[in-house]
$ cat run.txt   # compact mmCIF, C-alpha atoms
# COMPACT_ATOMS: atom_id res chain seq x y z
CA MET A 8 114.18 155.21 167.81
CA LYS A 9 114.64 155.58 171.54
CA ASP A 10 114.04 159.33 171.50
CA SER A 11 110.62 158.99 169.96
CA LEU A 12 109.36 157.32 173.17
CA VAL A 13 110.27 159.28 176.29
CA LEU A 14 109.56 158.23 179.87
CA LEU A 15 107.36 160.70 181.76
CA ASP A 16 106.78 158.84 185.01
CA ARG A 17 107.14 155.39 186.56
CA ILE A 18 105.10 154.13 189.51
CA LEU A 19 105.09 150.94 191.51
CA ALA A 20 101.36 150.41 191.08
CA HIS A 21 100.99 146.87 192.43
CA PRO A 22 103.87 146.13 194.81
CA ASP A 23 105.11 142.51 194.95
CA SER A 24 102.75 141.41 192.22
CA ARG A 25 102.08 141.67 188.51
CA CYS A 26 100.28 144.60 187.00
CA TRP A 27 98.16 142.88 184.34
CA PHE A 28 96.16 145.60 182.63
CA LEU A 29 95.40 149.32 182.28
CA ALA A 30 92.44 151.28 180.98
CA TRP A 31 91.98 155.01 180.48
CA ASN A 32 88.56 156.48 181.18
CA PRO A 33 86.85 158.04 178.11
CA SER A 34 87.85 161.60 179.11
CA GLY A 35 91.49 160.54 179.55
CA THR A 36 91.72 161.93 183.09
CA LEU A 37 91.86 158.67 185.02
CA LEU A 38 93.76 155.42 184.53
CA ALA A 39 92.55 152.16 186.09
CA SER A 40 95.12 149.41 186.76
CA CYS A 41 94.61 145.88 188.06
CA GLY A 42 96.86 143.10 189.19
CA GLY A 43 97.86 139.93 190.95
CA ASP A 44 97.32 141.56 194.32
CA ARG A 45 93.54 141.29 193.61
CA SER A 46 93.06 145.03 193.55
CA VAL A 47 92.02 147.68 191.09
CA ARG A 48 93.69 151.09 191.48
CA ILE A 49 92.55 154.38 190.03
CA TRP A 50 95.27 156.89 189.11
CA GLY A 51 94.89 160.58 188.38
CA THR A 52 97.12 163.61 188.09
CA GLU A 53 97.83 166.05 190.84
CA GLY A 54 99.91 168.79 189.31
CA ASP A 55 102.68 167.06 187.37
CA SER A 56 102.57 163.68 189.01
CA TRP A 57 100.31 160.67 189.02
CA ILE A 58 98.80 159.64 192.31
CA CYS A 59 96.56 156.82 193.44
CA LYS A 60 93.04 158.20 193.92
CA SER A 61 91.30 154.97 194.92
CA VAL A 62 92.04 151.37 195.75
CA LEU A 63 89.24 148.89 195.09
CA CYS A 64 90.34 145.84 197.03
CA GLU A 65 87.18 144.18 198.28
CA GLY A 66 85.82 143.06 194.97
CA HIS A 67 87.73 139.92 194.06
CA GLN A 68 89.24 136.87 195.71
CA ARG A 69 91.87 136.29 193.06
CA THR A 70 93.92 138.13 190.43
CA VAL A 71 92.08 140.88 188.59
CA ARG A 72 93.03 140.34 184.96
CA LYS A 73 91.38 143.20 183.07
CA VAL A 74 89.40 146.39 183.64
CA ALA A 75 87.16 148.35 181.28
CA TRP A 76 85.37 151.70 181.54
CA SER A 77 81.83 152.23 180.29
CA PRO A 78 81.51 154.74 177.41
CA CYS A 79 79.88 157.28 179.78
CA GLY A 80 82.82 156.97 182.19
CA ASN A 81 80.62 156.33 185.23
CA TYR A 82 81.21 152.61 185.50
CA LEU A 83 84.21 150.34 185.63
CA ALA A 84 84.09 146.58 185.05
CA SER A 85 86.77 144.26 186.46
CA ALA A 86 87.33 140.68 185.26
CA SER A 87 88.93 138.21 187.66
CA PHE A 88 90.41 134.74 187.96
CA ASP A 89 87.78 134.20 190.66
CA ALA A 90 85.31 133.64 187.76
CA THR A 91 83.36 136.85 188.41
CA THR A 92 83.11 140.30 186.85
CA CYS A 93 82.46 143.24 189.19
CA ILE A 94 80.70 146.38 188.07
CA TRP A 95 81.82 149.47 189.98
CA LYS A 96 79.90 152.74 189.96
CA LYS A 97 81.79 155.99 190.34
CA LYS A 98 80.50 158.06 193.26
CA GLU A 99 82.45 161.32 193.47
CA ASP A 100 85.99 160.22 194.26
CA ASP A 101 85.19 156.67 195.14
CA PHE A 102 83.76 153.55 193.58
CA GLU A 103 81.12 151.18 194.83
CA CYS A 104 80.59 147.64 193.62
CA VAL A 105 76.98 147.62 192.39
CA THR A 106 76.80 144.18 190.78
CA THR A 107 78.81 141.00 190.48
CA LEU A 108 78.29 139.03 187.26
CA GLU A 109 78.59 135.30 187.74
CA GLY A 110 78.25 132.37 185.42
CA HIS A 111 81.64 131.57 183.93
CA GLU A 112 82.99 128.22 185.07
CA ASN A 113 86.52 129.44 185.71
CA GLU A 114 88.85 132.44 185.24
CA VAL A 115 87.37 135.44 183.43
CA LYS A 116 90.07 136.76 181.11
CA SER A 117 88.55 139.89 179.64
CA VAL A 118 85.61 142.33 179.76
CA ALA A 119 84.59 145.00 177.28
CA TRP A 120 81.81 147.56 176.97
CA ALA A 121 80.08 148.19 173.64
CA PRO A 122 80.12 151.82 172.37
CA SER A 123 76.35 152.09 172.97
CA GLY A 124 76.90 151.45 176.68
CA ASN A 125 74.05 148.92 176.74
CA LEU A 126 76.11 145.79 176.15
CA LEU A 127 79.00 144.14 177.91
CA ALA A 128 81.04 141.12 176.84
CA THR A 129 83.12 138.76 178.96
CA CYS A 130 85.24 135.73 178.09
CA SER A 131 86.87 132.94 180.02
CA ARG A 132 89.14 129.89 180.17
CA ASP A 133 85.85 127.97 179.99
CA LYS A 134 86.07 128.69 176.20
CA SER A 135 82.94 130.83 176.10
CA VAL A 136 82.13 134.45 175.34
CA TRP A 137 79.12 135.92 177.15
CA VAL A 138 77.11 138.94 176.01
CA TRP A 139 75.25 140.89 178.71
CA GLU A 140 72.59 143.56 178.34
CA VAL A 141 72.35 146.46 180.79
CA ASP A 142 69.19 148.42 181.38
CA GLU A 143 68.54 151.88 182.86
CA GLU A 144 68.21 150.45 186.33
CA ASP A 145 71.73 148.94 186.22
CA GLU A 146 70.28 145.46 185.84
CA TYR A 147 72.47 143.02 183.91
CA GLU A 148 71.13 140.07 181.98
CA CYS A 149 73.10 137.50 180.04
CA VAL A 150 71.60 137.41 176.55
CA SER A 151 74.00 135.01 174.90
CA VAL A 152 76.62 132.37 175.67
CA LEU A 153 78.82 131.79 172.64
CA ASN A 154 80.77 128.55 172.50
CA SER A 155 82.59 128.99 169.21
CA HIS A 156 86.17 128.80 170.45
CA THR A 157 87.72 125.42 171.24
CA GLN A 158 90.06 126.74 173.91
CA ASP A 159 90.61 129.45 176.54
CA VAL A 160 89.39 132.86 175.29
CA LYS A 161 91.93 135.56 176.12
CA HIS A 162 90.39 138.85 175.02
CA VAL A 163 87.22 140.51 173.79
CA VAL A 164 86.85 143.90 172.15
CA TRP A 165 83.95 145.75 170.52
CA HIS A 166 84.01 147.48 167.15
CA PRO A 167 84.23 151.29 167.65
CA SER A 168 80.90 152.03 165.94
CA GLN A 169 79.03 148.82 165.06
CA GLU A 170 77.61 146.21 167.40
CA LEU A 171 80.26 143.75 166.33
CA LEU A 172 82.28 141.80 168.87
CA ALA A 173 85.72 140.24 168.37
CA SER A 174 87.41 137.59 170.53
CA ALA A 175 90.97 136.19 170.66
CA SER A 176 91.82 132.69 171.84
CA TYR A 177 94.38 130.07 172.88
CA ASP A 178 92.98 128.11 169.90
CA ASP A 179 95.03 130.46 167.64
CA THR A 180 91.99 132.13 166.06
CA VAL A 181 90.07 135.40 166.20
CA LYS A 182 86.28 135.22 165.96
CA LEU A 183 83.69 137.89 165.20
CA TYR A 184 80.10 137.92 166.39
CA ARG A 185 77.01 139.95 165.63
CA GLU A 186 73.36 139.94 166.60
CA GLU A 187 70.99 138.05 164.35
CA GLU A 188 67.28 137.87 165.21
CA ASP A 189 67.60 138.25 168.96
CA ASP A 190 70.59 136.00 169.32
CA TRP A 191 74.29 136.37 168.84
CA VAL A 192 76.12 134.32 166.24
CA CYS A 193 79.71 133.85 165.16
CA CYS A 194 79.94 135.48 161.72
CA ALA A 195 83.66 135.08 160.96
CA THR A 196 86.75 133.13 162.04
CA LEU A 197 90.16 134.60 161.29
CA GLU A 198 92.85 131.97 160.93
CA GLY A 199 96.53 132.53 160.36
CA HIS A 200 98.25 132.92 163.69
CA GLU A 201 100.34 129.92 164.68
CA SER A 202 99.81 130.19 168.39
CA THR A 203 97.63 131.85 171.05
CA VAL A 204 96.17 135.21 170.07
CA TRP A 205 96.52 137.42 173.13
CA SER A 206 94.92 140.70 172.18
CA LEU A 207 93.04 142.73 169.55
CA ALA A 208 92.52 146.34 168.55
CA PHE A 209 90.32 147.97 165.94
CA ASP A 210 91.62 150.96 164.00
CA PRO A 211 89.75 154.30 164.36
CA SER A 212 87.57 153.60 161.30
CA GLY A 213 86.69 150.07 162.38
CA GLN A 214 87.65 148.76 158.94
CA ARG A 215 90.73 147.05 160.27
CA LEU A 216 91.55 144.82 163.18
CA ALA A 217 95.02 144.22 164.57
CA SER A 218 95.82 141.00 166.45
CA CYS A 219 98.95 140.02 168.36
CA SER A 220 100.12 136.55 169.27
CA ASP A 221 102.44 134.16 171.06
CA ASP A 222 103.75 133.44 167.54
CA ARG A 223 105.56 136.84 167.84
CA THR A 224 103.66 138.45 164.96
CA VAL A 225 101.06 141.15 164.59
CA ARG A 226 98.44 140.64 161.89
CA ILE A 227 96.30 143.32 160.33
CA TRP A 228 92.89 142.16 159.06
CA HIS A 229 90.76 144.21 156.68
CA GLN A 230 86.98 144.08 156.45
CA TYR A 231 85.42 143.54 153.03
CA LEU A 232 81.70 144.17 152.69
CA PRO A 233 79.53 142.16 150.28
CA GLY A 234 79.80 143.61 146.77
CA ASN A 235 83.22 145.14 147.49
CA GLU A 236 85.28 146.55 144.61
CA GLN A 237 88.23 144.29 145.25
CA GLY A 238 86.19 141.21 144.46
CA VAL A 239 86.78 139.57 147.85
CA ALA A 240 84.14 136.87 148.26
CA CYS A 241 81.62 137.17 151.09
CA SER A 242 79.29 134.59 152.51
CA GLY A 243 75.73 135.93 152.33
CA SER A 244 75.39 139.34 153.94
CA ASP A 245 78.36 138.91 156.29
CA PRO A 246 81.53 140.88 155.63
CA SER A 247 84.74 138.95 155.02
CA TRP A 248 87.98 139.64 156.82
CA LYS A 249 91.29 139.11 155.12
CA CYS A 250 94.80 139.32 156.53
CA VAL A 251 96.43 142.18 154.60
CA CYS A 252 99.65 142.55 156.56
CA THR A 253 101.83 140.51 158.92
CA LEU A 254 104.51 142.19 161.04
CA SER A 255 107.10 139.54 161.78
CA GLY A 256 110.73 139.64 162.87
CA PHE A 257 110.22 142.62 165.18
CA HIS A 258 109.34 140.91 168.45
CA SER A 259 111.57 138.35 170.13
CA ARG A 260 108.92 136.96 172.50
CA THR A 261 105.16 136.68 172.98
CA ILE A 262 103.24 139.88 172.23
CA TYR A 263 100.75 140.30 175.06
CA ASP A 264 98.92 143.44 174.01
CA ILE A 265 98.34 145.78 171.10
CA ALA A 266 96.77 149.25 171.12
CA TRP A 267 95.65 151.32 168.14
CA CYS A 268 95.59 155.06 168.89
CA GLN A 269 92.19 156.45 167.93
CA LEU A 270 93.66 159.94 167.49
CA THR A 271 96.79 159.26 165.43
CA GLY A 272 96.55 155.70 164.09
CA ALA A 273 99.83 154.69 165.76
CA LEU A 274 100.04 151.02 166.80
CA ALA A 275 101.79 150.14 170.09
CA THR A 276 102.74 146.64 171.27
CA ALA A 277 103.54 145.15 174.69
CA CYS A 278 106.05 142.30 174.53
CA GLY A 279 107.45 139.55 176.72
CA ASP A 280 110.94 140.77 175.85
CA ASP A 281 110.32 143.79 178.14
CA ALA A 282 110.09 146.19 175.20
CA ILE A 283 107.49 148.59 173.85
CA ARG A 284 107.28 149.19 170.11
CA VAL A 285 105.29 151.67 168.05
CA PHE A 286 104.45 151.15 164.38
CA GLU A 287 102.84 153.49 161.88
CA GLU A 288 101.36 152.83 158.47
CA ASP A 289 103.54 154.17 155.68
CA PRO A 290 101.95 157.21 154.04
CA GLY A 291 100.57 156.35 150.61
CA SER A 292 100.62 152.59 151.22
CA ASP A 293 97.99 150.56 149.40
CA PRO A 294 95.01 150.07 151.75
CA GLN A 295 94.65 146.49 150.47
CA GLN A 296 98.32 145.72 151.12
CA PRO A 297 99.38 148.23 153.76
CA THR A 298 102.93 148.45 155.02
CA PHE A 299 103.87 149.50 158.52
CA SER A 300 107.20 150.78 159.79
CA LEU A 301 108.70 150.52 163.23
CA MET A 302 108.85 154.09 164.57
CA ALA A 303 109.93 153.46 168.14
CA HIS A 304 111.54 150.51 169.89
CA LEU A 305 112.29 150.82 173.57
CA PRO A 306 114.09 147.75 174.93
CA GLN A 307 113.86 147.42 178.72
CA ALA A 308 110.85 149.69 178.92
CA HIS A 309 110.22 147.63 182.04
CA SER A 310 112.39 145.20 183.97
CA GLN A 311 110.05 142.30 183.10
CA ASP A 312 107.38 141.39 180.53
CA VAL A 313 105.20 144.26 179.37
CA ASN A 314 101.57 143.12 179.73
CA CYS A 315 99.60 146.10 178.47
CA VAL A 316 99.89 149.32 176.47
CA ALA A 317 97.13 151.93 176.38
CA TRP A 318 96.91 155.20 174.44
CA ASN A 319 95.25 158.13 176.18
CA PRO A 320 92.01 158.85 174.27
CA LYS A 321 92.37 162.63 174.45
CA GLU A 322 96.04 163.49 174.65
CA ARG A 323 98.03 162.68 171.50
CA GLY A 324 101.11 160.59 172.07
CA LEU A 325 100.44 159.81 175.74
CA LEU A 326 100.93 156.09 176.28
CA ALA A 327 100.66 154.07 179.49
CA SER A 328 102.21 150.62 180.00
CA CYS A 329 102.43 148.05 182.78
CA SER A 330 104.52 145.02 183.61
CA ASP A 331 105.02 141.80 185.55
CA ASP A 332 107.30 143.86 187.81
CA GLY A 333 104.18 145.62 189.15
CA GLU A 334 105.11 148.94 187.62
CA LEU A 335 103.06 151.35 185.58
CA ALA A 336 104.82 153.80 183.25
CA PHE A 337 103.75 156.85 181.25
CA TRP A 338 105.42 157.71 177.94
CA LYS A 339 105.35 160.50 175.41
CA TYR A 340 105.46 159.25 171.82
CA GLN A 341 106.47 161.64 169.10
CA ARG A 342 106.69 160.58 165.50
CA PRO A 343 110.40 160.72 164.62
CA GLU A 344 111.50 163.66 162.43
CA GLY A 345 112.07 163.08 158.77
CA LEU A 346 110.15 159.79 158.61
CA MET B 28 147.83 111.55 195.87
CA VAL B 29 150.32 109.21 197.44
CA GLY B 30 149.04 107.93 200.78
CA GLY B 31 150.48 109.96 203.63
CA SER B 32 151.10 109.26 207.27
CA GLY B 33 149.53 111.14 210.08
CA MET B 34 148.32 108.25 212.16
CA GLY B 35 151.30 108.44 214.53
CA GLY B 36 153.64 105.52 215.19
CA GLY B 37 155.07 103.34 212.43
CA LEU B 38 155.49 103.76 208.75
CA LEU B 39 152.55 103.25 206.54
CA GLU B 40 153.01 99.95 204.73
CA ASN B 41 151.95 100.63 201.21
CA ALA B 42 154.58 99.41 198.81
CA ASN B 43 152.44 99.60 195.75
CA PRO B 44 150.09 102.48 196.14
CA LEU B 45 147.52 103.08 193.49
CA ILE B 46 148.13 106.57 192.31
CA TYR B 47 145.16 108.56 191.30
CA GLU B 48 145.62 111.65 189.27
CA ARG B 49 143.40 114.59 189.71
CA SER B 50 141.37 114.85 186.55
CA GLY B 51 141.44 118.14 184.73
CA GLU B 52 138.50 120.38 184.11
CA ARG B 53 135.69 118.69 182.21
CA PRO B 54 135.98 120.04 178.66
CA VAL B 55 133.08 122.34 177.83
CA THR B 56 131.51 121.29 174.57
CA ALA B 57 130.31 123.72 171.93
CA GLY B 58 126.77 122.49 172.53
CA GLU B 59 126.93 123.44 176.19
CA GLU B 60 128.01 127.00 175.42
CA ASP B 61 125.39 127.55 172.75
CA GLU B 62 122.44 129.29 174.40
CA GLN B 63 120.03 128.12 171.75
CA VAL B 64 120.66 124.41 172.31
CA PRO B 65 118.25 123.10 174.94
CA ASP B 66 119.56 121.42 178.06
CA SER B 67 117.73 118.16 178.49
CA ILE B 68 116.09 117.71 181.87
CA ASP B 69 115.28 114.54 183.72
CA ALA B 70 111.72 114.47 185.08
CA ARG B 71 113.10 114.31 188.63
CA GLU B 72 114.84 117.64 188.07
CA ILE B 73 111.54 119.54 187.68
CA PHE B 74 111.49 120.52 191.34
CA ASP B 75 115.11 121.66 191.22
CA ILE B 76 114.13 123.83 188.27
CA LEU B 77 111.25 125.29 190.26
CA LYS B 78 113.58 126.05 193.18
CA LEU B 79 116.00 127.71 190.81
CA LEU B 80 113.20 129.70 189.16
CA ARG B 81 112.03 131.01 192.51
CA SER B 82 115.50 131.98 193.69
CA LEU B 83 116.73 133.68 190.51
CA PRO B 84 116.35 137.45 190.20
CA GLN B 85 113.27 138.39 188.23
CA ARG B 86 115.17 139.55 185.18
CA PHE B 87 115.94 136.00 184.04
CA LYS B 88 113.55 134.43 181.57
CA MET B 89 113.33 130.67 181.52
CA ASP B 90 111.70 128.55 178.85
CA VAL B 91 110.76 125.00 179.75
CA HIS B 92 109.95 122.50 177.03
CA ILE B 93 109.22 118.80 176.98
CA THR B 94 111.49 116.97 174.53
CA PRO B 95 109.60 115.95 171.40
CA GLY B 96 108.83 112.28 171.32
CA THR B 97 108.96 111.76 175.07
CA HIS B 98 105.38 112.57 176.00
CA ALA B 99 102.08 111.67 174.44
CA SER B 100 100.87 115.27 174.13
CA GLU B 101 104.04 117.30 174.52
CA HIS B 102 102.86 120.14 172.27
CA ALA B 103 99.77 120.59 174.43
CA VAL B 104 101.82 120.51 177.64
CA ASN B 105 104.51 122.81 176.22
CA LYS B 106 101.86 125.32 175.19
CA GLN B 107 100.41 125.36 178.71
CA LEU B 108 103.84 125.68 180.32
CA ALA B 109 104.64 128.61 178.04
CA ASP B 110 101.37 130.42 178.88
CA LYS B 111 102.22 132.50 181.94
CA GLU B 112 98.58 133.46 182.49
CA ARG B 113 97.60 129.80 182.73
CA VAL B 114 100.55 129.04 185.04
CA ALA B 115 99.71 132.04 187.26
CA ALA B 116 96.06 131.02 187.53
CA ALA B 117 97.00 127.42 188.31
CA LEU B 118 99.42 128.48 191.04
CA GLU B 119 96.70 130.64 192.60
CA ASN B 120 94.88 127.41 193.21
CA THR B 121 96.14 127.15 196.80
CA HIS B 122 95.69 123.40 196.98
CA LEU B 123 97.94 122.88 193.96
CA LEU B 124 100.44 125.37 195.36
CA GLU B 125 100.54 123.46 198.67
CA VAL B 126 101.27 120.21 196.86
CA VAL B 127 104.06 121.86 194.84
CA ASN B 128 105.54 123.45 197.96
CA GLN B 129 105.40 120.17 199.84
CA CYS B 130 107.28 118.45 197.06
CA LEU B 131 109.87 121.22 197.09
CA SER B 132 110.41 121.14 200.85
CA ALA B 133 110.66 117.35 200.94
CA ARG B 134 113.49 117.53 198.47
CA SER B 135 115.45 120.29 200.21
$ encode --input "run.txt" --output "structure tokens"
Amino acid sequence: MKDSLVLLDRILAHPDSRCWFLAWNPSGTLLASCGGDRSVRIWGTEGDSWICKSVLCEGHQRTVRKVAWSPCGNYLASASFDATTCIWKKKEDDFECVTTLEGHENEVKSVAWAPSGNLLATCSRDKSVWVWEVDEEDEYECVSVLNSHTQDVKHVVWHPSQELLASASYDDTVKLYREEEDDWVCCATLEGHESTVWSLAFDPSGQRLASCSDDRTVRIWHQYLPGNEQGVACSGSDPSWKCVCTLSGFHSRTIYDIAWCQLTGALATACGDDAIRVFEEDPGSDPQQPTFSLMAHLPQAHSQDVNCVAWNPKERGLLASCSDDGELAFWKYQRPEGL
Amino acid sequence: MVGGSGMGGGLLENANPLIYERSGERPVTAGEEDEQVPDSIDAREIFDILKLLRSLPQRFKMDVHITPGTHASEHAVNKQLADKERVAAALENTHLLEVVNQCLSARS
């Protein structure tokens, strides 16, 4: 199990503070990290090693919690506890803050770009999810404020191909939103977790959503369209989502992040027990009742809680992780032989 | 210990000394050794816990819970205490951090 996840490199990315999140750019050549030191760092390779190409430290007054690249790779958004979201434009080797999105009442917890590149979503401890539209002149406009959650919203993520937004909250639920006649509405609420849902990831097809929680489980939700063969009831024209698998007993503490590899389908988790785990769906398992097996378990991947795991979008098996100890690590995952 | 001399001059007059025996080691109960059994904390110990938390090496993980039945909304408070993102954001509030630090320094 240990051999299937091999350490390639380890860097002290955010000295004396937490490294909270990582994001690969769409071409897989750059990795953005952010942390408690209020900075965003951009990492790239020089030969065989990873070096810091840029430090973006003037953008925020407090912890930067998440970063997200635009689908074109020219912009980076950073979400901060200072209640703002900065939009950075890439200019050759450097980045310039072109806009600061304000409006949330307190800490912004997450930011995500829609696959079209025209929409951005943010969420906050103020319990709301905001949807922003971007035009060709880099002008941002808030088009919807969604107040469906009853508590702190921890994470937002867009569907890989549809304009469907998902959010995870301290209220133990996952909610889905879509556009309906010029406004955004909550079209589904996924209940089942017994504590805060920290993160979400869609599978490559977008038919499934994985969620991870403080309740130490991962849940896999499957989308059922109206008129589906399995006879799962739908309300009107909205798809239904059903929990088809729960992975419990694998994690001994809160699971802070989950990442679904768009190239291989492997599922990686970041846990408060300092470990990284990788799961894969068993070949031939029933799509309505899938089973997943633990393929790699690396205890002490970091010396403290692992906050984020991120699969490289172009290089199979390349996984990045970061921790409360301020470190960033790169791993090579190889599916174990004979399994 | 039987009263000794050492004051110089005459004998110490203590015909009927009370003899105290040194008590042995306090027996360690099974509950104390069990890592899963929570150690109850008095409210006044919170700052000692914070001092301990700050001085321990980072590899230690500490879970703090309010005993059920002792607080009107202990589940709500426990959930916040367990959420490290919430705790981190709250401690970044420099005013709150100053108050906490003042309480800690007053006690040391």
$ residues_around --input "run.txt" --residues "Leu126 (chain A)" --least-positions-apart "6" --cutoff "10 Å" --atoms "only C-alpha atoms" --output "PDB file with C-alpha atoms, keeping the file's coordinate frame"
ATOM      1  CA  SER A  77      81.830 152.230 180.290  1.00  0.00           C
ATOM      2  CA  ALA A 119      84.590 145.000 177.280  1.00  0.00           C
ATOM      3  CA  TRP A 120      81.810 147.560 176.970  1.00  0.00           C
ATOM      4  CA  VAL A 138      77.110 138.940 176.010  1.00  0.00           C
ATOM      5  CA  TRP A 139      75.250 140.890 178.710  1.00  0.00           C
ATOM      6  CA  GLU A 140      72.590 143.560 178.340  1.00  0.00           C
ATOM      7  CA  VAL A 141      72.350 146.460 180.790  1.00  0.00           C
ATOM      8  CA  ASP A 142      69.190 148.420 181.380  1.00  0.00           C
ATOM      9  CA  TYR A 147      72.470 143.020 183.910  1.00  0.00           C
ATOM     10  CA  GLU A 148      71.130 140.070 181.980  1.00  0.00           C
ATOM     11  CA  CYS A 149      73.100 137.500 180.040  1.00  0.00           C
ATOM     12  CA  VAL A 150      71.600 137.410 176.550  1.00  0.00           C
ATOM     13  CA  TRP A 165      83.950 145.750 170.520  1.00  0.00           C
ATOM     14  CA  GLU A 170      77.610 146.210 167.400  1.00  0.00           C
TER      15      GLU A 170
END
$ residues_around --input "run.txt" --residues "Ala217 (chain A)" --least-positions-apart "4" --cutoff "10 Å" --atoms "all atoms listed in the file" --output "PyMOL selection string"
chain A and resi 206-210+225-229+250+252-253+265-267+274
$ write_last_selection --input "run.txt" --atoms "C-alpha atoms" --output "short mmCIF file (atom, residue, chain, number, x, y, z; two decimals), in the coordinates of the input"
data_model
loop_
_atom_site.label_atom_id
_atom_site.label_comp_id
_atom_site.auth_asym_id
_atom_site.auth_seq_id
_atom_site.Cartn_x
_atom_site.Cartn_y
_atom_site.Cartn_z
CA SER A 206 94.92 140.70 172.18
CA LEU A 207 93.04 142.73 169.55
CA ALA A 208 92.52 146.34 168.55
CA PHE A 209 90.32 147.97 165.94
CA ASP A 210 91.62 150.96 164.00
CA VAL A 225 101.06 141.15 164.59
CA ARG A 226 98.44 140.64 161.89
CA ILE A 227 96.30 143.32 160.33
CA TRP A 228 92.89 142.16 159.06
CA HIS A 229 90.76 144.21 156.68
CA CYS A 250 94.80 139.32 156.53
CA CYS A 252 99.65 142.55 156.56
CA THR A 253 101.83 140.51 158.92
CA ILE A 265 98.34 145.78 171.10
CA ALA A 266 96.77 149.25 171.12
CA TRP A 267 95.65 151.32 168.14
CA LEU A 274 100.04 151.02 166.80
#
$ closest_atom_pairs --input "run.txt" --of "chain A" --to "chain B" --cutoff "9 Å" --atoms "all atoms listed in the file" --output "Markdown table"
| residue | atom | partner | partner_atom | distance |
| --- | --- | --- | --- | --- |
| A:Gly43 | CA | B:Ala115 | CA | 8.9 |
| A:Arg69 | CA | B:Glu119 | CA | 7.4 |
| A:Thr70 | CA | B:Ala116 | CA | 8.0 |
| A:Phe88 | CA | B:Ala116 | CA | 6.8 |
| A:Glu114 | CA | B:Ala116 | CA | 7.7 |
| A:Arg132 | CA | B:Arg113 | CA | 8.8 |
| A:Ser202 | CA | B:Lys106 | CA | 8.6 |
| A:Thr203 | CA | B:Asp110 | CA | 8.8 |
| A:Asp221 | CA | B:Asp110 | CA | 8.7 |
| A:Asp280 | CA | B:Lys88 | CA | 8.9 |
| A:Ser310 | CA | B:Arg86 | CA | 6.4 |
| A:Gln311 | CA | B:Arg86 | CA | 6.2 |
| A:Asp332 | CA | B:Gln85 | CA | 8.1 |
$ residues_around --input "run.txt" --residues "Thr92 (chain A)" --least-positions-apart "3" --cutoff "8 Å" --atoms "all atoms listed in the file" --output "PyMOL selection string"
chain A and resi 84-87+107-109+115+118
$ write_last_selection --input "run.txt" --atoms "C-alpha atoms" --output "compact mmCIF listing (two decimals), in the frame of the given file"
# COMPACT_ATOMS: atom_id res chain seq x y z
CA ALA A 84 84.09 146.58 185.05
CA SER A 85 86.77 144.26 186.46
CA ALA A 86 87.33 140.68 185.26
CA SER A 87 88.93 138.21 187.66
CA THR A 107 78.81 141.00 190.48
CA LEU A 108 78.29 139.03 187.26
CA GLU A 109 78.59 135.30 187.74
CA VAL A 115 87.37 135.44 183.43
CA VAL A 118 85.61 142.33 179.76
$ residues_around --input "run.txt" --residues "Phe337 (chain A)" --least-positions-apart "6" --cutoff "8 Å" --atoms "only C-alpha atoms" --output "PyMOL selection string"
chain A and resi 14-17+325-328
$ atom_distance --input "run.txt" --atom1 "CA of Asp289 (chain A)" --atom2 "CA of Cys219 (chain A)"
19.5 Å
$ closest_residue --input "run.txt" --among "A:Glu103, A:Asp178, A:Glu287, A:Asp190" --to "Lys134 (chain A)" --atoms "all atoms listed in the file"
A:Asp178
$ atom_distance --input "run.txt" --atom1 "CA of Gly213 (chain A)" --atom2 "CA of Gln169 (chain A)"
8.2 Å
$ residues_around --input "run.txt" --residues "Leu183 (chain A)" --least-positions-apart "6" --cutoff "8 Å" --atoms "all atoms listed in the file" --output "PyMOL selection string"
chain A and resi 171-174+193-196
$ residues_near_point --input "run.txt" --point "(87.1, 133.7, 176.6)" --cutoff "8 Å" --atoms "only C-alpha atoms" --output "short mmCIF file (atom, residue, chain, number, x, y, z; two decimals) with C-alpha atoms, in the coordinates of the input"
data_model
loop_
_atom_site.label_atom_id
_atom_site.label_comp_id
_atom_site.auth_asym_id
_atom_site.auth_seq_id
_atom_site.Cartn_x
_atom_site.Cartn_y
_atom_site.Cartn_z
CA VAL A 115 87.37 135.44 183.43
CA LYS A 116 90.07 136.76 181.11
CA SER A 117 88.55 139.89 179.64
CA THR A 129 83.12 138.76 178.96
CA CYS A 130 85.24 135.73 178.09
CA SER A 131 86.87 132.94 180.02
CA ARG A 132 89.14 129.89 180.17
CA ASP A 133 85.85 127.97 179.99
CA LYS A 134 86.07 128.69 176.20
CA SER A 135 82.94 130.83 176.10
CA VAL A 136 82.13 134.45 175.34
CA HIS A 156 86.17 128.80 170.45
CA ASP A 159 90.61 129.45 176.54
CA VAL A 160 89.39 132.86 175.29
CA LYS A 161 91.93 135.56 176.12
CA HIS A 162 90.39 138.85 175.02
CA VAL A 163 87.22 140.51 173.79
CA SER A 174 87.41 137.59 170.53
CA ALA A 175 90.97 136.19 170.66
CA SER A 176 91.82 132.69 171.84
#
$ atom_distance --input "run.txt" --atom1 "CA of Trp205 (chain A)" --atom2 "CA of Val47 (chain A)"
21.2 Å
$ axis_aligned_box --input "run.txt" --around "region 129-133 of chain B" --padding-each-side "5 Å" --output "JSON"
{"center_x": 108.0, "center_y": 119.3, "center_z": 199.0, "size_x": 15.3, "size_y": 13.9, "size_z": 13.9}
